[in-house]
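Chemist: My structure is below; once you've seen it, I'll send some questions.
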Amino acid sequence: MTSSIAPGSDRPDRVVDLRGALGPSLHRFPWSMRILIENSLRHSPAPAAEVVAPFLAWLDTGTSTAEIAFHPARLMMHDTTCVPALVDIAAMRDALAAAGQDPAALNPVLPVDVSVDHSVAVDRYGTPDALAFNTARELGRNAERYRLMKWAAGALTGFTVHPPGTGIMHTMNLEQLTTVTTIVHNAGQPWAVPDTLLGTDSHTPMINGLGVLGWGVGGIEAESVMFGMPLTLRLPDIIGVRLTGRLREGVLSTDLALAVTERLRRHGMSGEFVEFFGPGVATLSCGDRAVVANMTPEFGGSTGYFPIDDRTVAYLRQTGRPQSVCDHVRDTSHRLALWFDPAATPRYTVVIEMDLDAITTSLAGPARPQDRMAPAAAAQALATMARRPLDPAIADPPDGAVAIAAITSCTNTSDPRLLVAAGLLARRARALGLRPPSWVKTSLAPGSPAAARYLRRSGLLDDLEALGFGIVGFGCTTCIGNSGPLAPGMVAALDRGVVATCVLSGNRNFPGRVHPQVEAGFLASPPLVVAYALAGDMNRDIRADPLGHTADGRPVFLHQLWPSGADIDLALAASCEPDDYAAAFAQAHRSPEWDALGAPEGVLFPWDTASTYLRPPPFAAAQPIRLGQYRARPLLVLGDDITTDHISPAGTVPMGSDAAHYLTQRGEDPTDLNVFAARRGNWEAMLRGLYTNRTVRNLLHPDWTGGRTIHVPTGDVMPVWQVAARYQAEATSTVILAGERYGAGSSRDWAAKGPALLGVRAILASSFERIHRTNLIGMGILPLLLPSGVTTAQWQIGAADWLSIDAPADALAPRTPVPVQLYRADGRVQTLCTIASVETALEVATLRAGGVLPLILGQRSWRDAPTRTNERPDHATSPARQ
């Protein structure tokens, strides 16, 4: 480790001497790469010249196959990713105890923060008691899961749970947890370092908007890091997005985020780092930047990094951070050469130019976040998805009706500017007597409890409530499918065949994600969500056509309601106070209902054999090695854009489904089975939900949808989990084939745990999304890249075909060719030249071990004294930690 003390500084803390290690090459590196270099130098025992050599070589081409170890300062999780991990941990502790070892030795080696934000649902809306009612329902439904989390907070070292109501994970990270730079101690010496983290949610890069390097991982990978295994990665390709100009009047950060998502998906992203630079960056607030960075998984990146500058320090002040923290960020960033220079032009793998002046008001949908369009095109896009024209004769509700209008998600509620804009539009609409039609379900779910304070202080909360946008919870709600029941009139309309859609300020709109009965969804800014709620349908150009009429019949147009930038700034200045953030968070932490929730104590978790929420998973013990040479049946053949929502649903457990039958047989109320996301601690329930999204088509047969496939020996067509069980009983190997962007979407590890339980040995796809690829490897499943240019539909693989996979464990290496023979039922044989989608030596070792959990149980690092510490950084300011 090389260090320096800044010349002329009276600070006692040291920093890694990047200038000395990199010399004149330092300023050629992207800022995010500088953080990786600092992290490597600080943690490696090797000489500095040896550590930086692969980084310097990267400068020549902007790409590399060299591997590095990354050591994050902390981990973040939320309730629906931490519960599956805690179930694994509890089962692994059981396994250690059964083997005569100390289960308490299995403990995190770095701090873990858990938000409880993914379980609150919009059961009630538009009434004064909606927030209290939904909060009570959340605690009632999920008490068993929450007791497990409270057990973990007592049984695991450095494991902090932030109770329901404290906000969404990423907003909490922005407002409460990060200090951007901090102090750590090594050999008794204080070191000033950048904050870094990993999070078990794909939108973790939202914190990149504040200059903090972090990205999303699956829960399986997080478990390995939690217990001391290194996180290795190939030196990343870094896409530089050069921003020029400034956003025009009336254009919001949501519009910029959708434009970036469209542009980068068109470029063809597959897990690269993205960094924003250029003079346009300096015109964006940290609120603007965080909205863009939040959409990182939607544009296919690992990061969406904005470097540290004056805007960063201003945000820290605005959210009530002490002056000492602000000073430390400025000082440390300059000492480490992490301070942004808008005129700088670092070396990037690829540079993409974007002019902020060219960004316009837009939507994205109706099925993918990268499908950006002008509002005028929305009606035709909806009709195209419905495969029929919208019928203007249908009324109350009309064809193209808005079923759900939700101001939701960390994406667009963490920036006060966007919420205030929505409130100002609501105020003007209210003054003109406008209200949404009865069939529109409206809701407001801010990412932060501080939002209630500044909206109430400004009077804008009253205006939003008057239009039905009262606060229904401080959590993810509609964005993740916890949208609750539709308005009764809309349910009847859907039964009649009316085409409907959702409009939300979220980040994803995959078919059926928001609500299982509504396939279409459009992403929009919060004020545009309010506007569409008032209009009641998408069957218009909302920027040119009236969105409503006054009581005396005068048309009301969007431009009459849309607030100016000056209006927004004035309202913000009058309503936002820095002290709101810490005070609201502390108040939410003082939850009598949470405190009253009993929890077990002890080193081992006491399982309840009658539980339908928590069951010891079979994969916590030794797992089969899935590598080898074998013949396999195609269990499923899928097309493009199969997301983790398609693989393992998160929303409501549908009545009449196999999962519902399993739960009701065990005494659950068939009218309130909760959501799949809440059942992730029960592998039996999750197994029955795999691939059951009704839009999933199995290309083995044109009529097989919703997770159905065939058992070839008998010809029986059944749910995939039943067919897989038969094949496993017969010792028949199976694989899954898919198209482009397989595993896009959330970080949910159940999209990999599920196929592992099905017995799948390999998944062959045209491309994989990064987090899902690592989750598959974490469960011992080999991801194979199909030859480019040929789709799974073109292969025309039949159910009676066989695939011969030649992947012996001793021959596997990163990006190695894996021969695959396709034996047709008619006797033809074809060769597929696949590539192992494996990036590092650690990933090879994981596959050879059968997955991450066997590696954790087999390693010795957690049995001995840990080499890392899970003590909190000196500058952590969360009141929950004081």
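Labels for the structure tokens follow display order: chains A, B, ..., residues from 1 in each chain, ligands from 1.
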Find the spatial neighbours of Glu740 in chain A, counting only C-alpha atoms, within a cut-off of 7 Å - ignore same-chain residues fewer than 3 positions away - and output them as a PyMOL selection string.

Modeler: chain A and resi 640-641+765-768

Chemist: Pull the strand (DSSP E or B) assignments for range 358-426 of chain A out of DSSP run on the backbone, and list those residues as a list in words.

Modeler: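 Strand (DSSP E or B) assignments inside range 358-426 of chain A correspond to Leu363, Ala364, Arg372, Met373, Ala401, Val402, Ala403, Ile404, Ala405, Ala406 and Ile407 of chain A.
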
Chemist: Please extract the residues of range 600-783 of chain A with a backbone DSSP assignment of helix (DSSP H, G or I) and present them as a PyMOL selection string.

Modeler: chain A and resi 618-620+644-647+658-665+676-679+683-687+720-729+750-757+770-778

Chemist: Could you write those residues out with N, CA and C atoms, as a short mmCIF file (atom, residue, chain, number, x, y, z; two decimals), in the first residue's frame?

Modeler:
data_model
loop_
_atom_site.label_atom_id
_atom_site.label_comp_id
_atom_site.auth_asym_id
_atom_site.auth_seq_id
_atom_site.Cartn_x
_atom_site.Cartn_y
_atom_site.Cartn_z
N PRO A 618 -32.92 -26.65 -0.05
CA PRO A 618 -32.10 -27.84 -0.32
C PRO A 618 -30.72 -27.50 -0.84
N PHE A 619 -30.52 -26.29 -1.38
CA PHE A 619 -29.23 -25.96 -1.97
C PHE A 619 -28.23 -25.40 -0.97
N ALA A 620 -28.59 -25.35 0.32
CA ALA A 620 -27.61 -24.89 1.32
C ALA A 620 -26.60 -25.98 1.65
N THR A 644 -35.97 -11.38 -15.55
CA THR A 644 -36.09 -12.12 -14.29
C THR A 644 -37.53 -12.12 -13.79
N ASP A 645 -38.32 -11.14 -14.21
CA ASP A 645 -39.76 -11.16 -13.89
C ASP A 645 -40.45 -12.33 -14.59
N HIS A 646 -40.04 -12.62 -15.83
CA HIS A 646 -40.61 -13.75 -16.54
C HIS A 646 -40.20 -15.08 -15.90
N ILE A 647 -38.96 -15.12 -15.42
CA ILE A 647 -38.44 -16.38 -14.88
C ILE A 647 -39.03 -16.67 -13.51
N ASP A 658 -50.55 -23.10 -9.44
CA ASP A 658 -49.94 -24.20 -8.68
C ASP A 658 -49.41 -23.72 -7.34
N ALA A 659 -48.82 -22.52 -7.34
CA ALA A 659 -48.31 -21.98 -6.07
C ALA A 659 -49.46 -21.70 -5.11
N ALA A 660 -50.57 -21.18 -5.63
CA ALA A 660 -51.74 -20.91 -4.79
C ALA A 660 -52.29 -22.21 -4.21
N HIS A 661 -52.35 -23.25 -5.03
CA HIS A 661 -52.85 -24.54 -4.56
C HIS A 661 -51.96 -25.08 -3.43
N TYR A 662 -50.65 -24.96 -3.61
CA TYR A 662 -49.71 -25.41 -2.58
C TYR A 662 -49.96 -24.65 -1.27
N LEU A 663 -50.15 -23.33 -1.36
CA LEU A 663 -50.30 -22.52 -0.16
C LEU A 663 -51.65 -22.75 0.52
N THR A 664 -52.70 -22.82 -0.26
CA THR A 664 -54.03 -23.01 0.34
C THR A 664 -54.15 -24.40 0.97
N GLN A 665 -53.48 -25.39 0.40
CA GLN A 665 -53.47 -26.72 1.02
C GLN A 665 -52.86 -26.67 2.42
N PHE A 676 -45.25 -13.19 -4.62
CA PHE A 676 -44.14 -14.14 -4.72
C PHE A 676 -42.88 -13.60 -4.05
N ALA A 677 -42.66 -12.29 -4.14
CA ALA A 677 -41.46 -11.71 -3.53
C ALA A 677 -41.40 -11.99 -2.04
N ALA A 678 -42.57 -12.09 -1.39
CA ALA A 678 -42.61 -12.38 0.05
C ALA A 678 -42.44 -13.86 0.33
N ARG A 679 -42.55 -14.69 -0.68
CA ARG A 679 -42.45 -16.15 -0.50
C ARG A 679 -41.07 -16.70 -0.84
N TRP A 683 -38.85 -22.40 -0.82
CA TRP A 683 -38.49 -22.87 -2.15
C TRP A 683 -39.62 -23.64 -2.82
N GLU A 684 -40.49 -24.26 -2.05
CA GLU A 684 -41.60 -25.03 -2.65
C GLU A 684 -42.57 -24.09 -3.37
N ALA A 685 -42.88 -22.96 -2.75
CA ALA A 685 -43.79 -22.00 -3.39
C ALA A 685 -43.13 -21.37 -4.61
N MET A 686 -41.87 -21.02 -4.50
CA MET A 686 -41.19 -20.36 -5.60
C MET A 686 -41.01 -21.29 -6.80
N LEU A 687 -40.74 -22.56 -6.52
CA LEU A 687 -40.58 -23.53 -7.60
C LEU A 687 -41.81 -23.58 -8.49
N VAL A 720 -43.67 -26.69 -16.00
CA VAL A 720 -42.25 -26.99 -16.15
C VAL A 720 -41.68 -27.64 -14.90
N TRP A 721 -42.13 -27.25 -13.72
CA TRP A 721 -41.56 -27.83 -12.50
C TRP A 721 -41.90 -29.31 -12.37
N GLN A 722 -43.05 -29.71 -12.87
CA GLN A 722 -43.43 -31.13 -12.81
C GLN A 722 -42.65 -31.95 -13.84
N VAL A 723 -42.47 -31.39 -15.05
CA VAL A 723 -41.68 -32.08 -16.06
C VAL A 723 -40.24 -32.22 -15.60
N ALA A 724 -39.69 -31.15 -15.02
CA ALA A 724 -38.31 -31.20 -14.53
C ALA A 724 -38.14 -32.27 -13.46
N ALA A 725 -39.13 -32.40 -12.57
CA ALA A 725 -39.06 -33.42 -11.52
C ALA A 725 -39.01 -34.82 -12.12
N ARG A 726 -39.78 -35.04 -13.18
CA ARG A 726 -39.75 -36.35 -13.85
C ARG A 726 -38.38 -36.62 -14.46
N TYR A 727 -37.85 -35.61 -15.15
CA TYR A 727 -36.54 -35.81 -15.77
C TYR A 727 -35.47 -36.08 -14.71
N GLN A 728 -35.54 -35.37 -13.58
CA GLN A 728 -34.56 -35.61 -12.53
C GLN A 728 -34.69 -37.02 -11.96
N ALA A 729 -35.92 -37.49 -11.81
CA ALA A 729 -36.13 -38.85 -11.30
C ALA A 729 -35.59 -39.89 -12.27
N TRP A 750 -33.57 -15.71 -7.21
CA TRP A 750 -34.47 -16.84 -7.47
C TRP A 750 -34.61 -17.15 -8.95
N ALA A 751 -34.27 -16.20 -9.81
CA ALA A 751 -34.27 -16.49 -11.25
C ALA A 751 -33.14 -17.45 -11.62
N ALA A 752 -32.18 -17.64 -10.71
CA ALA A 752 -31.14 -18.66 -10.90
C ALA A 752 -31.35 -19.85 -9.97
N LYS A 753 -31.81 -19.58 -8.74
CA LYS A 753 -32.09 -20.70 -7.82
C LYS A 753 -33.18 -21.60 -8.39
N GLY A 754 -34.18 -20.99 -9.03
CA GLY A 754 -35.28 -21.78 -9.59
C GLY A 754 -34.80 -22.78 -10.63
N PRO A 755 -34.10 -22.33 -11.70
CA PRO A 755 -33.57 -23.30 -12.66
C PRO A 755 -32.65 -24.35 -12.04
N ALA A 756 -31.90 -23.97 -11.00
CA ALA A 756 -31.06 -24.96 -10.33
C ALA A 756 -31.91 -26.06 -9.70
N LEU A 757 -33.02 -25.67 -9.06
CA LEU A 757 -33.92 -26.67 -8.49
C LEU A 757 -34.59 -27.50 -9.57
N ARG A 770 -25.75 -9.03 -16.99
CA ARG A 770 -24.60 -9.32 -16.11
C ARG A 770 -25.00 -9.97 -14.79
N ILE A 771 -25.92 -9.37 -14.04
CA ILE A 771 -26.22 -9.87 -12.71
C ILE A 771 -26.80 -11.28 -12.79
N HIS A 772 -27.67 -11.51 -13.75
CA HIS A 772 -28.25 -12.85 -13.86
C HIS A 772 -27.18 -13.88 -14.24
N ARG A 773 -26.25 -13.49 -15.09
CA ARG A 773 -25.17 -14.41 -15.46
C ARG A 773 -24.38 -14.83 -14.22
N THR A 774 -24.05 -13.86 -13.36
CA THR A 774 -23.29 -14.23 -12.16
C THR A 774 -24.15 -15.04 -11.19
N ASN A 775 -25.45 -14.77 -11.15
CA ASN A 775 -26.32 -15.59 -10.30
C ASN A 775 -26.37 -17.03 -10.78
N LEU A 776 -26.43 -17.24 -12.09
CA LEU A 776 -26.42 -18.60 -12.63
C LEU A 776 -25.13 -19.32 -12.22
N ILE A 777 -24.01 -18.66 -12.37
CA ILE A 777 -22.74 -19.26 -11.97
C ILE A 777 -22.74 -19.54 -10.48
N GLY A 778 -23.31 -18.62 -9.70
CA GLY A 778 -23.38 -18.82 -8.26
C GLY A 778 -24.18 -20.04 -7.86
#

Chemist: Pro389 in chain A: which residues within 8 Å, counting only C-alpha atoms, same-chain residues fewer than 4 positions away excluded, as a list in words?

Modeler: Gln380, Ala383 and Thr384 of chain A

Chemist: Emit the selected residues as a PDB file, in the first residue's frame, including N, CA, C and O atoms.

Modeler:
ATOM      1  N   GLN A 380     -50.707   4.650 -30.513  1.00  0.00           N
ATOM      2  CA  GLN A 380     -50.409   3.652 -31.538  1.00  0.00           C
ATOM      3  C   GLN A 380     -49.551   2.523 -30.978  1.00  0.00           C
ATOM      4  O   GLN A 380     -49.745   1.350 -31.320  1.00  0.00           O
ATOM      5  N   ALA A 383     -51.844   0.211 -29.157  1.00  0.00           N
ATOM      6  CA  ALA A 383     -52.639  -0.584 -30.095  1.00  0.00           C
ATOM      7  C   ALA A 383     -51.796  -1.685 -30.732  1.00  0.00           C
ATOM      8  O   ALA A 383     -52.263  -2.813 -30.919  1.00  0.00           O
ATOM      9  N   THR A 384     -50.551  -1.374 -31.040  1.00  0.00           N
ATOM     10  CA  THR A 384     -49.659  -2.383 -31.627  1.00  0.00           C
ATOM     11  C   THR A 384     -49.433  -3.535 -30.657  1.00  0.00           C
ATOM     12  O   THR A 384     -49.448  -4.709 -31.045  1.00  0.00           O
TER      13      THR A 384
END

Chemist: How close does range 457-558 of chain A get to range 231-253 of chain A? List, as a tab-separated table, each residue of range 457-558 of chain A within 10 Å, its nearest atom pair and the distance in Å to one decimal, counting only C-alpha atoms.

Modeler:
residue	atom	partner	partner_atom	distance
A:Ser525	CA	A:Leu252	CA	7.4
A:Pro526	CA	A:Leu252	CA	9.8
A:Pro527	CA	A:Leu252	CA	9.7

Chemist: Given the selection you just returned, output its residues as a file containing all heavy atoms, formatted as an mmCIF file, in the first residue's frame.

Modeler:
data_model
loop_
_atom_site.group_PDB
_atom_site.id
_atom_site.type_symbol
_atom_site.label_atom_id
_atom_site.label_comp_id
_atom_site.auth_asym_id
_atom_site.auth_seq_id
_atom_site.Cartn_x
_atom_site.Cartn_y
_atom_site.Cartn_z
ATOM 1 N N SER A 525 -42.390 10.868 -16.193
ATOM 2 C CA SER A 525 -42.048 11.707 -15.045
ATOM 3 C C SER A 525 -43.254 11.851 -14.131
ATOM 4 O O SER A 525 -44.403 11.701 -14.567
ATOM 5 C CB SER A 525 -41.593 13.084 -15.519
ATOM 6 O OG SER A 525 -42.674 13.772 -16.140
ATOM 7 N N PRO A 526 -43.046 12.162 -12.835
ATOM 8 C CA PRO A 526 -44.182 12.321 -11.918
ATOM 9 C C PRO A 526 -45.251 13.310 -12.390
ATOM 10 O O PRO A 526 -46.442 12.989 -12.319
ATOM 11 C CB PRO A 526 -43.514 12.757 -10.616
ATOM 12 C CG PRO A 526 -42.183 12.071 -10.659
ATOM 13 C CD PRO A 526 -41.764 12.163 -12.101
ATOM 14 N N PRO A 527 -44.910 14.513 -12.896
ATOM 15 C CA PRO A 527 -45.993 15.381 -13.351
ATOM 16 C C PRO A 527 -46.744 14.804 -14.544
ATOM 17 O O PRO A 527 -47.960 15.012 -14.679
ATOM 18 C CB PRO A 527 -45.287 16.697 -13.710
ATOM 19 C CG PRO A 527 -43.857 16.361 -13.850
ATOM 20 C CD PRO A 527 -43.612 15.208 -12.944
#

Chemist: List as a PyMOL selection string the protein and nucleic acid residues near Ala551 in chain A, meaning an atom at most 9 Å away when only C-alpha atoms are counted, but skip any in the same chain fewer than 2 places from it.

Modeler: chain A and resi 432-434+549+553-554

Chemist: When you draw a straight line from CA of Ser32 in chain A to CA of Pro194 in chain A, how long is it in Å?

Modeler: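 We find that CA of Ser32 in chain A and CA of Pro194 in chain A lie 10.7 Å from each other.
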
Chemist: So that I can see what lies close to range 72-86 of chain A, please list as a PyMOL selection string the residues with an atom at most 8 Å from it, counting only C-alpha atoms and leaving out residues fewer than 5 positions away in the same chain.

Modeler: chain A and resi 110-119+145+148-149+152+169+195-201+219-220+222-223+226+677-678+680-681+748-749

Chemist: Atoms to include: N, CA and C atoms. Write the selected residues as a CSV table (one decimal), in the first residue's frame.

Modeler:
chain,number,residue,atom,x,y,z
A,110,LEU,N,-18.0,-7.5,6.8
A,110,LEU,CA,-18.2,-6.1,6.5
A,110,LEU,C,-19.6,-5.7,6.8
A,111,PRO,N,-19.9,-4.4,7.0
A,111,PRO,CA,-21.2,-3.9,7.4
A,111,PRO,C,-22.3,-4.2,6.4
A,112,VAL,N,-23.4,-4.6,6.8
A,112,VAL,CA,-24.6,-4.9,6.0
A,112,VAL,C,-25.8,-4.0,6.4
A,113,ASP,N,-26.3,-3.2,5.5
A,113,ASP,CA,-27.5,-2.5,5.8
A,113,ASP,C,-28.7,-3.1,5.0
A,114,VAL,N,-29.8,-3.2,5.7
A,114,VAL,CA,-31.0,-3.8,5.1
A,114,VAL,C,-32.2,-2.8,5.2
A,115,SER,N,-32.8,-2.5,4.0
A,115,SER,CA,-34.0,-1.7,4.0
A,115,SER,C,-35.2,-2.6,3.9
A,116,VAL,N,-36.3,-2.2,4.5
A,116,VAL,CA,-37.6,-3.0,4.4
A,116,VAL,C,-38.5,-2.1,3.5
A,117,ASP,N,-38.4,-2.3,2.2
A,117,ASP,CA,-39.1,-1.4,1.3
A,117,ASP,C,-39.9,-2.2,0.2
A,118,HIS,N,-39.7,-3.5,0.1
A,118,HIS,CA,-40.2,-4.2,-1.1
A,118,HIS,C,-41.5,-4.9,-0.7
A,119,SER,N,-42.1,-4.7,0.4
A,119,SER,CA,-43.3,-5.5,0.8
A,119,SER,C,-44.5,-4.8,1.0
A,145,ARG,N,-41.5,-13.1,8.2
A,145,ARG,CA,-40.3,-12.8,7.5
A,145,ARG,C,-39.5,-11.7,8.3
A,148,LEU,N,-37.5,-13.1,11.1
A,148,LEU,CA,-36.3,-13.6,10.7
A,148,LEU,C,-35.2,-12.5,10.5
A,149,MET,N,-35.6,-11.4,10.0
A,149,MET,CA,-34.7,-10.3,9.8
A,149,MET,C,-34.2,-9.7,11.2
A,152,ALA,N,-31.7,-12.0,12.6
A,152,ALA,CA,-30.4,-11.8,12.0
A,152,ALA,C,-29.7,-10.6,12.6
A,169,MET,N,-34.4,1.7,-0.3
A,169,MET,CA,-33.0,1.4,-0.2
A,169,MET,C,-32.1,2.4,-0.8
A,195,ASP,N,-16.0,6.1,-0.5
A,195,ASP,CA,-17.1,5.1,-0.1
A,195,ASP,C,-17.3,4.2,-1.3
A,196,THR,N,-17.4,2.9,-1.1
A,196,THR,CA,-17.8,1.9,-2.1
A,196,THR,C,-18.7,0.9,-1.6
A,197,LEU,N,-19.5,0.3,-2.4
A,197,LEU,CA,-20.5,-0.7,-1.9
A,197,LEU,C,-21.0,-1.6,-3.0
A,198,LEU,N,-21.6,-2.7,-2.6
A,198,LEU,CA,-22.4,-3.5,-3.5
A,198,LEU,C,-23.8,-3.6,-2.9
A,199,GLY,N,-24.8,-3.8,-3.7
A,199,GLY,CA,-26.1,-3.9,-3.3
A,199,GLY,C,-26.9,-5.0,-4.0
A,200,THR,N,-27.7,-5.7,-3.3
A,200,THR,CA,-28.5,-6.8,-3.9
A,200,THR,C,-29.7,-6.3,-4.5
A,201,ASP,N,-29.6,-5.3,-5.3
A,201,ASP,CA,-30.6,-4.7,-6.1
A,201,ASP,C,-30.0,-4.1,-7.3
A,219,GLY,N,-28.1,-11.9,-4.8
A,219,GLY,CA,-27.9,-12.2,-3.4
A,219,GLY,C,-26.9,-13.3,-3.2
A,220,ILE,N,-26.8,-14.2,-4.2
A,220,ILE,CA,-25.8,-15.3,-4.0
A,220,ILE,C,-24.4,-14.8,-4.0
A,222,ALA,N,-23.6,-11.7,-3.2
A,222,ALA,CA,-23.4,-10.9,-2.0
A,222,ALA,C,-23.1,-11.8,-0.8
A,223,GLU,N,-23.7,-13.0,-0.7
A,223,GLU,CA,-23.3,-13.9,0.4
A,223,GLU,C,-21.9,-14.3,0.4
A,226,MET,N,-20.0,-11.3,1.7
A,226,MET,CA,-20.4,-11.1,3.1
A,226,MET,C,-19.5,-11.9,4.0
A,677,ALA,N,-42.7,-12.3,-4.1
A,677,ALA,CA,-41.5,-11.7,-3.5
A,677,ALA,C,-41.4,-12.0,-2.0
A,678,ALA,N,-42.6,-12.1,-1.4
A,678,ALA,CA,-42.6,-12.4,0.0
A,678,ALA,C,-42.4,-13.9,0.3
A,680,ARG,N,-40.1,-15.8,-1.1
A,680,ARG,CA,-38.8,-16.3,-1.5
A,680,ARG,C,-38.0,-17.1,-0.5
A,681,GLY,N,-38.5,-17.1,0.8
A,681,GLY,CA,-37.9,-18.0,1.8
A,681,GLY,C,-38.5,-19.4,1.8
A,748,ARG,N,-32.9,-10.4,-8.7
A,748,ARG,CA,-33.4,-11.5,-7.9
A,748,ARG,C,-32.7,-12.9,-8.2
A,749,ASP,N,-32.1,-13.4,-7.1
A,749,ASP,CA,-31.4,-14.7,-7.2
A,749,ASP,C,-32.3,-15.9,-7.5

Chemist: Please indicate the distance in Å from CA of Ala381 in chain A to CA of Ala738 in chain A, rounded to one decimal place.

Modeler: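 Computing it gives 25.4 Å between the two atoms.
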
Chemist: Residues at most 9 Å from Leu764 in chain A, counting only C-alpha atoms, excluding those fewer than 3 positions away in the same chain, as a VMD selection string?

Modeler: chain A and resid 735 to 739 767 782 to 786 834

Chemist: Dump N, CA, C and O atoms for the selected residues as a PDB file, in the first residue's frame?

Modeler:
ATOM      1  N   VAL A 735     -31.447 -28.668 -20.291  1.00  0.00           N
ATOM      2  CA  VAL A 735     -30.904 -27.334 -20.500  1.00  0.00           C
ATOM      3  C   VAL A 735     -32.042 -26.418 -20.942  1.00  0.00           C
ATOM      4  O   VAL A 735     -33.125 -26.870 -21.309  1.00  0.00           O
ATOM      5  N   ILE A 736     -31.791 -25.127 -20.894  1.00  0.00           N
ATOM      6  CA  ILE A 736     -32.732 -24.116 -21.379  1.00  0.00           C
ATOM      7  C   ILE A 736     -32.026 -23.291 -22.440  1.00  0.00           C
ATOM      8  O   ILE A 736     -30.836 -22.979 -22.306  1.00  0.00           O
ATOM      9  N   LEU A 737     -32.745 -22.941 -23.504  1.00  0.00           N
ATOM     10  CA  LEU A 737     -32.215 -22.079 -24.551  1.00  0.00           C
ATOM     11  C   LEU A 737     -33.023 -20.791 -24.591  1.00  0.00           C
ATOM     12  O   LEU A 737     -34.232 -20.804 -24.365  1.00  0.00           O
ATOM     13  N   ALA A 738     -32.339 -19.677 -24.881  1.00  0.00           N
ATOM     14  CA  ALA A 738     -33.011 -18.376 -24.888  1.00  0.00           C
ATOM     15  C   ALA A 738     -32.310 -17.445 -25.864  1.00  0.00           C
ATOM     16  O   ALA A 738     -31.241 -17.762 -26.408  1.00  0.00           O
ATOM     17  N   GLY A 739     -32.923 -16.276 -26.076  1.00  0.00           N
ATOM     18  CA  GLY A 739     -32.415 -15.314 -27.043  1.00  0.00           C
ATOM     19  C   GLY A 739     -31.588 -14.221 -26.405  1.00  0.00           C
ATOM     20  O   GLY A 739     -30.838 -14.442 -25.454  1.00  0.00           O
ATOM     21  N   SER A 767     -27.402 -13.697 -25.481  1.00  0.00           N
ATOM     22  CA  SER A 767     -26.667 -12.814 -24.577  1.00  0.00           C
ATOM     23  C   SER A 767     -27.312 -12.880 -23.212  1.00  0.00           C
ATOM     24  O   SER A 767     -28.498 -13.202 -23.087  1.00  0.00           O
ATOM     25  N   LEU A 782     -23.995 -23.434 -15.862  1.00  0.00           N
ATOM     26  CA  LEU A 782     -23.059 -22.905 -16.852  1.00  0.00           C
ATOM     27  C   LEU A 782     -23.797 -22.061 -17.890  1.00  0.00           C
ATOM     28  O   LEU A 782     -24.660 -22.561 -18.609  1.00  0.00           O
ATOM     29  N   PRO A 783     -23.487 -20.755 -17.995  1.00  0.00           N
ATOM     30  CA  PRO A 783     -24.075 -19.934 -19.059  1.00  0.00           C
ATOM     31  C   PRO A 783     -23.238 -20.049 -20.331  1.00  0.00           C
ATOM     32  O   PRO A 783     -22.018 -19.839 -20.309  1.00  0.00           O
ATOM     33  N   LEU A 784     -23.891 -20.366 -21.434  1.00  0.00           N
ATOM     34  CA  LEU A 784     -23.213 -20.531 -22.711  1.00  0.00           C
ATOM     35  C   LEU A 784     -23.774 -19.546 -23.724  1.00  0.00           C
ATOM     36  O   LEU A 784     -24.999 -19.438 -23.878  1.00  0.00           O
ATOM     37  N   LEU A 785     -22.889 -18.852 -24.414  1.00  0.00           N
ATOM     38  CA  LEU A 785     -23.296 -17.900 -25.444  1.00  0.00           C
ATOM     39  C   LEU A 785     -23.452 -18.612 -26.777  1.00  0.00           C
ATOM     40  O   LEU A 785     -22.525 -19.273 -27.267  1.00  0.00           O
ATOM     41  N   LEU A 786     -24.636 -18.484 -27.370  1.00  0.00           N
ATOM     42  CA  LEU A 786     -24.911 -19.082 -28.671  1.00  0.00           C
ATOM     43  C   LEU A 786     -24.190 -18.314 -29.775  1.00  0.00           C
ATOM     44  O   LEU A 786     -23.843 -17.137 -29.605  1.00  0.00           O
ATOM     45  N   THR A 834     -20.476 -22.686 -29.104  1.00  0.00           N
ATOM     46  CA  THR A 834     -20.812 -21.796 -27.997  1.00  0.00           C
ATOM     47  C   THR A 834     -19.554 -21.379 -27.239  1.00  0.00           C
ATOM     48  O   THR A 834     -18.501 -22.001 -27.343  1.00  0.00           O
TER      49      THR A 834
END

Chemist: What is the distance between CA of Val329 in chain A and CA of Phe585 in chain A, in Å to one decimal?

Modeler: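 A separation of 22.6 Å between them.
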
Chemist: For range 394-399 of chain A, please output as a PyMOL selection string all residues within 10 Å (counting only C-alpha atoms; exclusion window: fewer than 3 positions along the same chain).

Modeler: chain A and resi 379+382-383+389-391+402-403+437-440+489-490+492-494+497-501+536-539

Chemist: Pick out the closest residue to Ser733 in chain A from this set: A:Thr160, A:Thr178, A:Ser804, A:Thr345. Count only C-alpha atoms.

Modeler: A:Ser804

Chemist: Pick from A:Leu534, A:Leu673, A:Ala632, A:Val653: nearest to Asn693 in chain A, with only C-alpha atoms counted?

Modeler: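 Using only C-alpha atoms, the shortest distance to Asn693 in chain A belongs to A:Val653.
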